[in-house]
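The file run_28.pdb comes next; it holds PDB, C-alpha atoms, pLDDT in the B column.
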```pdb
ATOM      1  CA  MET A   1     -74.585 -15.035  27.588  1.00 47.00           C
ATOM      2  CA  ASP A   2     -78.198 -13.892  27.765  1.00 62.00           C
ATOM      3  CA  LYS A   3     -79.348 -11.894  30.773  1.00 86.00           C
ATOM      4  CA  ILE A   4     -83.046 -12.271  31.660  1.00 91.00           C
ATOM      5  CA  PHE A   5     -84.860 -10.084  34.184  1.00 94.00           C
ATOM      6  CA  THR A   6     -88.255  -8.499  34.897  1.00 94.00           C
ATOM      7  CA  ILE A   7     -89.092  -4.812  34.702  1.00 96.00           C
ATOM      8  CA  ALA A   8     -92.049  -2.925  36.125  1.00 96.00           C
ATOM      9  CA  PHE A   9     -93.195   0.314  34.529  1.00 96.00           C
ATOM     10  CA  ASN A  10     -96.139   2.660  34.119  1.00 95.00           C
ATOM     11  CA  PHE A  11     -97.517   3.181  30.640  1.00 92.00           C
ATOM     12  CA  PRO A  12     -99.846   6.167  30.095  1.00 90.00           C
ATOM     13  CA  LEU A  13    -102.714   5.602  27.688  1.00 88.00           C
ATOM     14  CA  GLU A  14    -102.750   8.090  24.825  1.00 84.00           C
ATOM     15  CA  ASP A  15    -105.351  10.874  25.070  1.00 86.00           C
ATOM     16  CA  SER A  16    -106.332   9.727  28.548  1.00 86.00           C
ATOM     17  CA  SER A  17    -105.456  10.308  32.182  1.00 90.00           C
ATOM     18  CA  TYR A  18    -105.214   6.532  32.744  1.00 93.00           C
ATOM     19  CA  VAL A  19    -101.900   4.838  33.409  1.00 93.00           C
ATOM     20  CA  LEU A  20    -101.369   1.081  33.271  1.00 92.00           C
ATOM     21  CA  ALA A  21     -98.990  -0.533  35.773  1.00 95.00           C
ATOM     22  CA  LEU A  22     -97.273  -3.234  33.727  1.00 96.00           C
ATOM     23  CA  GLU A  23     -94.498  -5.784  34.011  1.00 95.00           C
ATOM     24  CA  ALA A  24     -92.531  -7.531  31.288  1.00 95.00           C
ATOM     25  CA  THR A  25     -89.674  -9.951  30.876  1.00 95.00           C
ATOM     26  CA  VAL A  26     -86.452  -8.606  29.361  1.00 96.00           C
ATOM     27  CA  GLU A  27     -83.705 -10.582  27.691  1.00 95.00           C
ATOM     28  CA  GLN A  28     -80.450  -9.004  26.585  1.00 93.00           C
ATOM     29  CA  ILE A  29     -79.875 -10.680  23.228  1.00 88.00           C
ATOM     30  CA  ALA A  30     -76.748  -8.966  21.939  1.00 77.00           C
ATOM     31  CA  SER A  31     -73.686  -7.372  23.391  1.00 74.00           C
ATOM     32  CA  ASP A  32     -74.176  -4.068  21.550  1.00 79.00           C
ATOM     33  CA  PRO A  33     -76.829  -4.199  23.503  1.00 90.00           C
ATOM     34  CA  VAL A  34     -80.223  -5.156  22.124  1.00 95.00           C
ATOM     35  CA  TYR A  35     -83.048  -6.065  24.475  1.00 96.00           C
ATOM     36  CA  ARG A  36     -86.038  -8.265  23.674  1.00 96.00           C
ATOM     37  CA  VAL A  37     -88.983  -7.308  25.880  1.00 97.00           C
ATOM     38  CA  TYR A  38     -91.865  -9.779  26.007  1.00 95.00           C
ATOM     39  CA  ASP A  39     -94.613 -11.291  28.178  1.00 94.00           C
ATOM     40  CA  PHE A  40     -96.262  -7.923  28.890  1.00 95.00           C
ATOM     41  CA  ARG A  41     -98.747  -8.279  31.746  1.00 95.00           C
ATOM     42  CA  ILE A  42    -100.611  -6.248  34.357  1.00 93.00           C
ATOM     43  CA  ALA A  43     -98.301  -5.708  37.335  1.00 92.00           C
ATOM     44  CA  GLY A  44     -98.746  -8.371  39.990  1.00 88.00           C
ATOM     45  CA  LYS A  45    -100.616 -10.785  37.712  1.00 83.00           C
ATOM     46  CA  LYS A  46     -99.359 -14.137  36.560  1.00 78.00           C
ATOM     47  CA  ALA A  47     -98.311 -14.555  32.968  1.00 70.00           C
ATOM     48  CA  GLY A  48    -101.166 -15.242  30.601  1.00 75.00           C
ATOM     49  CA  MET A  49    -102.085 -13.823  27.229  1.00 81.00           C
ATOM     50  CA  PRO A  50     -99.489 -11.076  26.591  1.00 82.00           C
ATOM     51  CA  LEU A  51    -100.904  -7.558  26.358  1.00 89.00           C
ATOM     52  CA  LEU A  52     -98.425  -6.432  23.671  1.00 92.00           C
ATOM     53  CA  PRO A  53     -96.268  -8.176  21.083  1.00 95.00           C
ATOM     54  CA  PRO A  54     -92.551  -8.620  21.826  1.00 97.00           C
ATOM     55  CA  GLN A  55     -90.423  -5.507  21.301  1.00 97.00           C
ATOM     56  CA  GLU A  56     -86.722  -5.336  20.433  1.00 97.00           C
ATOM     57  CA  ILE A  57     -85.126  -2.085  21.549  1.00 97.00           C
ATOM     58  CA  LYS A  58     -81.666  -0.624  21.953  1.00 96.00           C
ATOM     59  CA  PRO A  59     -80.084   2.556  23.326  1.00 95.00           C
ATOM     60  CA  VAL A  60     -78.632   5.068  20.860  1.00 93.00           C
ATOM     61  CA  PRO A  61     -76.359   7.923  21.990  1.00 89.00           C
ATOM     62  CA  LEU A  62     -77.826  11.368  21.316  1.00 84.00           C
ATOM     63  CA  SER A  63     -74.467  13.007  20.706  1.00 77.00           C
ATOM     64  CA  ALA A  64     -70.797  12.662  21.478  1.00 71.00           C
ATOM     65  CA  ASP A  65     -71.856  12.536  25.151  1.00 70.00           C
ATOM     66  CA  ALA A  66     -72.546   8.797  25.533  1.00 67.00           C
ATOM     67  CA  THR A  67     -74.400   9.362  28.809  1.00 74.00           C
ATOM     68  CA  LYS A  68     -77.340  10.916  26.927  1.00 83.00           C
ATOM     69  CA  LYS A  69     -79.304   8.439  24.865  1.00 90.00           C
ATOM     70  CA  ILE A  70     -82.679   7.566  23.456  1.00 94.00           C
ATOM     71  CA  TRP A  71     -84.223   4.127  23.165  1.00 96.00           C
ATOM     72  CA  VAL A  72     -85.272   3.032  19.689  1.00 97.00           C
ATOM     73  CA  HIS A  73     -86.766  -0.029  18.039  1.00 97.00           C
ATOM     74  CA  LYS A  74     -84.008  -2.263  16.697  1.00 95.00           C
ATOM     75  CA  ASP A  75     -85.409  -2.603  13.161  1.00 94.00           C
ATOM     76  CA  SER A  76     -86.703   0.903  12.448  1.00 96.00           C
ATOM     77  CA  GLU A  77     -84.122   2.803  14.539  1.00 94.00           C
ATOM     78  CA  LYS A  78     -87.025   5.083  15.606  1.00 96.00           C
ATOM     79  CA  GLU A  79     -88.088   6.126  19.061  1.00 95.00           C
ATOM     80  CA  SER A  80     -91.669   5.594  20.224  1.00 95.00           C
ATOM     81  CA  ALA A  81     -93.588   6.049  23.455  1.00 92.00           C
ATOM     82  CA  ILE A  82     -93.202   2.365  24.320  1.00 95.00           C
ATOM     83  CA  SER A  83     -89.476   2.169  23.459  1.00 96.00           C
ATOM     84  CA  GLY A  84     -88.776   5.164  25.711  1.00 95.00           C
ATOM     85  CA  VAL A  85     -90.743   3.801  28.657  1.00 96.00           C
ATOM     86  CA  LEU A  86     -89.184   0.348  28.315  1.00 97.00           C
ATOM     87  CA  GLY A  87     -85.673   1.761  27.997  1.00 96.00           C
ATOM     88  CA  ARG A  88     -86.023   3.884  31.114  1.00 95.00           C
ATOM     89  CA  ALA A  89     -87.323   0.848  33.036  1.00 96.00           C
ATOM     90  CA  ILE A  90     -84.331  -1.204  31.855  1.00 95.00           C
ATOM     91  CA  GLU A  91     -81.941   1.560  32.949  1.00 93.00           C
ATOM     92  CA  ALA A  92     -83.636   1.743  36.368  1.00 91.00           C
ATOM     93  CA  ASP A  93     -83.199  -2.013  36.813  1.00 79.00           C
ATOM     94  CA  ARG A  94     -79.443  -1.916  36.252  1.00 72.00           C
TER      95      ARG A  94
END
```

Go ahead and render the structure in this file as structure tokens.
Amino acid sequence: MDKIFTIAFNFPLEDSSYVLALEATVEQIASDPVYRVYDFRIAGKKAGMPLLPPQEIKPVPLSADATKKIWVHKDSEKESAISGVLGRAIEADR
């Protein structure tokens, strides 16, 4: 069964001291787990034109210690600034 919830997070702009306070909707779409994050918006604003395209991310263990992980994009299996921020926000929500 899909689990849908909202996350709030801060996203720093590259090469700048500015940070955007954002919110997004998260849907757990697989049991392994994979999360689809969509409807990116400025925190506190109603949904409108999304600020970013949907992202599909998943946690990957760093080593034999399953408590340490990174968040990567489902298709590329690579970590990025946005996958890390989104993953930490998902972890904080649970």

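The interatomic distance for the pair atom CA of A:Val60 and atom CA of A:Pro12 works out to 23.2 Å.
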
| task | Starting from the shown file, work through the PyMOL selection byres ((chain A and resi 41) around 12) and note down what comes out as a count of residues only. | result | 29

| said: For this structure, which residues satisfy the selection - the PyMOL selection byres ((chain A and resi 71-84) around 6) - when it is evaluated on the file as given? I want them as an MDAnalysis selection string. | reply: chainID A and resid 56:59 70 85:87

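Interatomic distance, atom CA of A:Arg36 against atom CA of A:Arg88: 14.2 Å.
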
| request: Translate the PyMOL selection byres ((chain A and resi 27) around 6), as applied to the file shown, into an explicit residue set as a PyMOL selection string. | output: chain A and resi 3-4+26+28-29+35-36

| Hey, can you check how far atom CA of A:Tyr18 sits from atom CA of A:Lys68? |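 Taking atom CA of A:Tyr18 and atom CA of A:Lys68, their separation equals 28.8 Å.
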
Quick one: axis-aligned box around all listed atoms of stretch 52-66 of chain A, 5 Å on every side, centre and edge lengths in Å to one decimal, written as AutoDock Vina command-line options.
```
--center_x -84.6 --center_y 2.2 --center_z 23.0 --size_x 37.6 --size_y 31.6 --size_z 15.1
```

| query | Nearest to A:Lys69 among A:Glu91, A:Phe5, A:Leu13, A:Ala30, with distances taken over all atoms listed in the file: which residue is it? | reply |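 Closest candidate: A:Glu91.
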